[in-house]
Amino acid sequence: MQVAQEVLTKAEKTCGTEELEPGLERGLKILKGNSEFRGEFEDLIISLIDTPQEGVVEIVSFLMHDLRWEAVKKAVGDRILHPKGDVSNIRLYEAMLDAFSDSWRDRDLFMRFSGA
């Protein structure tokens with residue numbers, strides 16, 4: 001949660017993904033290195049999607065493009081099918097869901113996935 005909060009704070013202060021990527025890489029390493037806590041990590045990520053503030057799309061998209069956790073994918077899909085609150089968030093959820101695809105259109109925003 002601390003890494004997620006650091007990324008969200010930085011997202012509020014910056015534009016683009018370059019400054020977010022080191023924190024996202026740290027988060028990915030933590031998630032991959034502690035698979036015994038996957039259920040808790042899934043719950044944390046799902047709780048983030050319910051409040052799509054600045055940086056949430058980047059966190060979810062970056063992590064899930066690599067991890068492809070079905071529980072998170074289902075939760076994002078459910079928010080699209082059954083929106084709660086602000087329906088303008090559907091576009092954010094669609095962007096998150098797109099990251100689960102090999103042809104994710106925003107992959108080039110991140111060094112890890114851009115092939116650079």
# chains A, B, ... in the order shown; residues from 1 in each chain; ligands from 1
$ closest_atom_pairs --of "segment 55-105 of chain A" --to "segment 21-34 of chain A" --cutoff "12 Å" --atoms "only C-alpha atoms" --output "tab-separated table"
residue	atom	partner	partner_atom	distance
A:Gly55	CA	A:Leu24	CA	10.4
A:Val56	CA	A:Leu24	CA	11.0
A:Val57	CA	A:Leu24	CA	11.7
A:Glu58	CA	A:Leu24	CA	8.5
A:Ile59	CA	A:Leu24	CA	6.6
A:Val60	CA	A:Leu24	CA	9.5
A:Ser61	CA	A:Leu24	CA	10.1
A:Phe62	CA	A:Leu24	CA	7.1
A:Leu63	CA	A:Leu28	CA	6.1
A:Met64	CA	A:Leu28	CA	9.3
A:His65	CA	A:Leu28	CA	10.6
A:Asp66	CA	A:Leu28	CA	8.4
A:Leu67	CA	A:Lys32	CA	8.3
A:Arg68	CA	A:Lys32	CA	11.9
A:Trp69	CA	A:Leu31	CA	11.2
$ write_last_selection --atoms "N, CA, C and O atoms" --output "PDB file, in the first residue's frame"
ATOM      1  N   GLY A  55      -3.583   8.603 -11.283  1.00  0.00           N
ATOM      2  CA  GLY A  55      -2.571   7.566 -11.066  1.00  0.00           C
ATOM      3  C   GLY A  55      -3.110   6.153 -10.957  1.00  0.00           C
ATOM      4  O   GLY A  55      -2.357   5.194 -11.145  1.00  0.00           O
ATOM      5  N   VAL A  56      -4.377   5.985 -10.657  1.00  0.00           N
ATOM      6  CA  VAL A  56      -4.941   4.644 -10.483  1.00  0.00           C
ATOM      7  C   VAL A  56      -4.925   3.872 -11.803  1.00  0.00           C
ATOM      8  O   VAL A  56      -4.553   2.697 -11.833  1.00  0.00           O
ATOM      9  N   VAL A  57      -5.304   4.526 -12.885  1.00  0.00           N
ATOM     10  CA  VAL A  57      -5.306   3.837 -14.184  1.00  0.00           C
ATOM     11  C   VAL A  57      -3.895   3.343 -14.502  1.00  0.00           C
ATOM     12  O   VAL A  57      -3.709   2.212 -14.958  1.00  0.00           O
ATOM     13  N   GLU A  58      -2.903   4.158 -14.222  1.00  0.00           N
ATOM     14  CA  GLU A  58      -1.523   3.782 -14.507  1.00  0.00           C
ATOM     15  C   GLU A  58      -1.077   2.611 -13.643  1.00  0.00           C
ATOM     16  O   GLU A  58      -0.425   1.677 -14.128  1.00  0.00           O
ATOM     17  N   ILE A  59      -1.423   2.643 -12.367  1.00  0.00           N
ATOM     18  CA  ILE A  59      -1.044   1.550 -11.461  1.00  0.00           C
ATOM     19  C   ILE A  59      -1.677   0.240 -11.917  1.00  0.00           C
ATOM     20  O   ILE A  59      -0.985  -0.764 -12.106  1.00  0.00           O
ATOM     21  N   VAL A  60      -2.984   0.254 -12.087  1.00  0.00           N
ATOM     22  CA  VAL A  60      -3.699  -0.969 -12.453  1.00  0.00           C
ATOM     23  C   VAL A  60      -3.231  -1.471 -13.817  1.00  0.00           C
ATOM     24  O   VAL A  60      -2.944  -2.658 -13.996  1.00  0.00           O
ATOM     25  N   SER A  61      -3.133  -0.579 -14.776  1.00  0.00           N
ATOM     26  CA  SER A  61      -2.747  -0.977 -16.126  1.00  0.00           C
ATOM     27  C   SER A  61      -1.342  -1.569 -16.160  1.00  0.00           C
ATOM     28  O   SER A  61      -1.120  -2.634 -16.747  1.00  0.00           O
ATOM     29  N   PHE A  62      -0.390  -0.905 -15.546  1.00  0.00           N
ATOM     30  CA  PHE A  62       0.996  -1.371 -15.532  1.00  0.00           C
ATOM     31  C   PHE A  62       1.107  -2.741 -14.879  1.00  0.00           C
ATOM     32  O   PHE A  62       1.686  -3.670 -15.438  1.00  0.00           O
ATOM     33  N   LEU A  63       0.533  -2.868 -13.694  1.00  0.00           N
ATOM     34  CA  LEU A  63       0.639  -4.124 -12.952  1.00  0.00           C
ATOM     35  C   LEU A  63      -0.100  -5.261 -13.649  1.00  0.00           C
ATOM     36  O   LEU A  63       0.410  -6.374 -13.771  1.00  0.00           O
ATOM     37  N   MET A  64      -1.296  -4.982 -14.119  1.00  0.00           N
ATOM     38  CA  MET A  64      -2.110  -6.062 -14.679  1.00  0.00           C
ATOM     39  C   MET A  64      -1.700  -6.448 -16.098  1.00  0.00           C
ATOM     40  O   MET A  64      -1.966  -7.569 -16.532  1.00  0.00           O
ATOM     41  N   HIS A  65      -1.010  -5.566 -16.804  1.00  0.00           N
ATOM     42  CA  HIS A  65      -0.507  -5.987 -18.116  1.00  0.00           C
ATOM     43  C   HIS A  65       0.505  -7.116 -17.942  1.00  0.00           C
ATOM     44  O   HIS A  65       0.555  -8.039 -18.744  1.00  0.00           O
ATOM     45  N   ASP A  66       1.250  -7.056 -16.862  1.00  0.00           N
ATOM     46  CA  ASP A  66       2.233  -8.107 -16.574  1.00  0.00           C
ATOM     47  C   ASP A  66       1.599  -9.291 -15.850  1.00  0.00           C
ATOM     48  O   ASP A  66       1.801 -10.435 -16.226  1.00  0.00           O
ATOM     49  N   LEU A  67       0.786  -9.025 -14.817  1.00  0.00           N
ATOM     50  CA  LEU A  67       0.287 -10.089 -13.941  1.00  0.00           C
ATOM     51  C   LEU A  67      -0.978 -10.778 -14.465  1.00  0.00           C
ATOM     52  O   LEU A  67      -1.175 -11.969 -14.208  1.00  0.00           O
ATOM     53  N   ARG A  68      -1.867 -10.040 -15.085  1.00  0.00           N
ATOM     54  CA  ARG A  68      -3.112 -10.571 -15.668  1.00  0.00           C
ATOM     55  C   ARG A  68      -3.967 -11.348 -14.662  1.00  0.00           C
ATOM     56  O   ARG A  68      -4.457 -12.437 -14.954  1.00  0.00           O
ATOM     57  N   TRP A  69      -4.131 -10.790 -13.479  1.00  0.00           N
ATOM     58  CA  TRP A  69      -4.919 -11.463 -12.449  1.00  0.00           C
ATOM     59  C   TRP A  69      -6.399 -11.416 -12.811  1.00  0.00           C
ATOM     60  O   TRP A  69      -6.999 -10.350 -12.979  1.00  0.00           O
TER      61      TRP A  69
END
$ select_by_dssp --residues "chain A" --states "helix (DSSP H, G or I)" --output "number ranges by chain"
A: 2-13, 21-33, 35-49, 56-67, 70-81, 87-98, 107-109, 111-114
$ atom_distance --atom1 "atom CA of Gly39 of chain A" --atom2 "atom CA of Ala4 of chain A"
16.3 Å
$ residues_around --residues "Lys74 of chain A" --least-positions-apart "3" --cutoff "12 Å" --atoms "only C-alpha atoms" --output "PyMOL selection string"
chain A and resi 42+46+49+64+68-71+77-82+93+96-97+100
$ atom_distance --atom1 "atom CA of Gln53 of chain A" --atom2 "atom CA of Arg107 of chain A"
20.0 Å
$ atom_distance --atom1 "atom CA of Arg112 of chain A" --atom2 "atom CA of Ser35 of chain A"
21.1 Å
$ decode --residues "segment 46-58 of chain A" --atoms "all heavy atoms" --output "compact mmCIF listing (two decimals), in the first residue's frame"
# COMPACT_ATOMS: atom_id res chain seq x y z
N ILE A 46 -8.24 -3.90 -6.26
CA ILE A 46 -9.67 -3.71 -6.50
C ILE A 46 -10.19 -2.50 -5.73
O ILE A 46 -11.01 -1.74 -6.24
CB ILE A 46 -10.45 -5.00 -6.18
CG1 ILE A 46 -10.10 -6.08 -7.23
CG2 ILE A 46 -11.96 -4.74 -6.13
CD1 ILE A 46 -10.56 -7.48 -6.88
N SER A 47 -9.69 -2.29 -4.52
CA SER A 47 -10.12 -1.11 -3.77
C SER A 47 -9.67 0.18 -4.45
O SER A 47 -10.37 1.20 -4.39
CB SER A 47 -9.62 -1.17 -2.32
OG SER A 47 -8.23 -0.89 -2.24
N LEU A 48 -8.54 0.14 -5.14
CA LEU A 48 -8.07 1.32 -5.87
C LEU A 48 -9.00 1.65 -7.04
O LEU A 48 -9.25 2.83 -7.31
CB LEU A 48 -6.65 1.10 -6.41
CG LEU A 48 -5.50 1.11 -5.43
CD1 LEU A 48 -4.20 0.75 -6.14
CD2 LEU A 48 -5.37 2.48 -4.75
N ILE A 49 -9.50 0.63 -7.73
CA ILE A 49 -10.33 0.92 -8.90
C ILE A 49 -11.66 1.56 -8.53
O ILE A 49 -12.27 2.21 -9.36
CB ILE A 49 -10.55 -0.32 -9.80
CG1 ILE A 49 -11.41 -1.36 -9.13
CG2 ILE A 49 -9.24 -0.89 -10.28
CD1 ILE A 49 -11.82 -2.51 -10.02
N ASP A 50 -12.06 1.41 -7.29
CA ASP A 50 -13.32 2.02 -6.86
C ASP A 50 -13.19 3.51 -6.61
O ASP A 50 -14.20 4.20 -6.47
CB ASP A 50 -13.86 1.32 -5.63
CG ASP A 50 -14.46 -0.04 -5.97
OD1 ASP A 50 -15.00 -0.19 -7.09
OD2 ASP A 50 -14.38 -0.95 -5.14
N THR A 51 -11.97 4.02 -6.57
CA THR A 51 -11.72 5.45 -6.43
C THR A 51 -10.68 5.85 -7.46
O THR A 51 -9.53 6.09 -7.13
CB THR A 51 -11.22 5.80 -5.02
OG1 THR A 51 -10.04 5.03 -4.74
CG2 THR A 51 -12.26 5.54 -3.96
N PRO A 52 -11.08 5.91 -8.74
CA PRO A 52 -10.09 6.13 -9.80
C PRO A 52 -9.54 7.56 -9.85
O PRO A 52 -9.83 8.34 -10.74
CB PRO A 52 -10.87 5.78 -11.08
CG PRO A 52 -12.29 6.01 -10.73
CD PRO A 52 -12.41 5.72 -9.27
N GLN A 53 -8.74 7.89 -8.84
CA GLN A 53 -8.09 9.19 -8.80
C GLN A 53 -6.88 9.18 -9.72
O GLN A 53 -6.55 8.17 -10.33
CB GLN A 53 -7.66 9.52 -7.36
CG GLN A 53 -6.61 8.56 -6.82
CD GLN A 53 -6.45 8.66 -5.33
OE1 GLN A 53 -7.41 8.88 -4.61
NE2 GLN A 53 -5.24 8.49 -4.84
N GLU A 54 -6.22 10.30 -9.84
CA GLU A 54 -5.04 10.44 -10.68
C GLU A 54 -4.01 9.37 -10.31
O GLU A 54 -3.66 9.21 -9.15
CB GLU A 54 -4.43 11.83 -10.47
CG GLU A 54 -3.43 12.23 -11.50
CD GLU A 54 -4.06 12.48 -12.86
OE1 GLU A 54 -5.15 13.05 -12.91
OE2 GLU A 54 -3.44 12.09 -13.85
N GLY A 55 -3.58 8.60 -11.28
CA GLY A 55 -2.57 7.57 -11.07
C GLY A 55 -3.11 6.15 -10.96
O GLY A 55 -2.36 5.19 -11.15
N VAL A 56 -4.38 5.99 -10.66
CA VAL A 56 -4.94 4.64 -10.48
C VAL A 56 -4.93 3.87 -11.80
O VAL A 56 -4.55 2.70 -11.83
CB VAL A 56 -6.36 4.70 -9.88
CG1 VAL A 56 -7.05 3.34 -9.96
CG2 VAL A 56 -6.30 5.17 -8.43
N VAL A 57 -5.30 4.53 -12.89
CA VAL A 57 -5.31 3.84 -14.18
C VAL A 57 -3.89 3.34 -14.50
O VAL A 57 -3.71 2.21 -14.96
CB VAL A 57 -5.83 4.76 -15.31
CG1 VAL A 57 -5.65 4.11 -16.68
CG2 VAL A 57 -7.29 5.10 -15.07
N GLU A 58 -2.90 4.16 -14.22
CA GLU A 58 -1.52 3.78 -14.51
C GLU A 58 -1.08 2.61 -13.64
O GLU A 58 -0.42 1.68 -14.13
CB GLU A 58 -0.59 4.98 -14.31
CG GLU A 58 -0.76 6.06 -15.35
CD GLU A 58 -1.94 7.01 -15.08
OE1 GLU A 58 -2.64 6.86 -14.05
OE2 GLU A 58 -2.16 7.90 -15.92
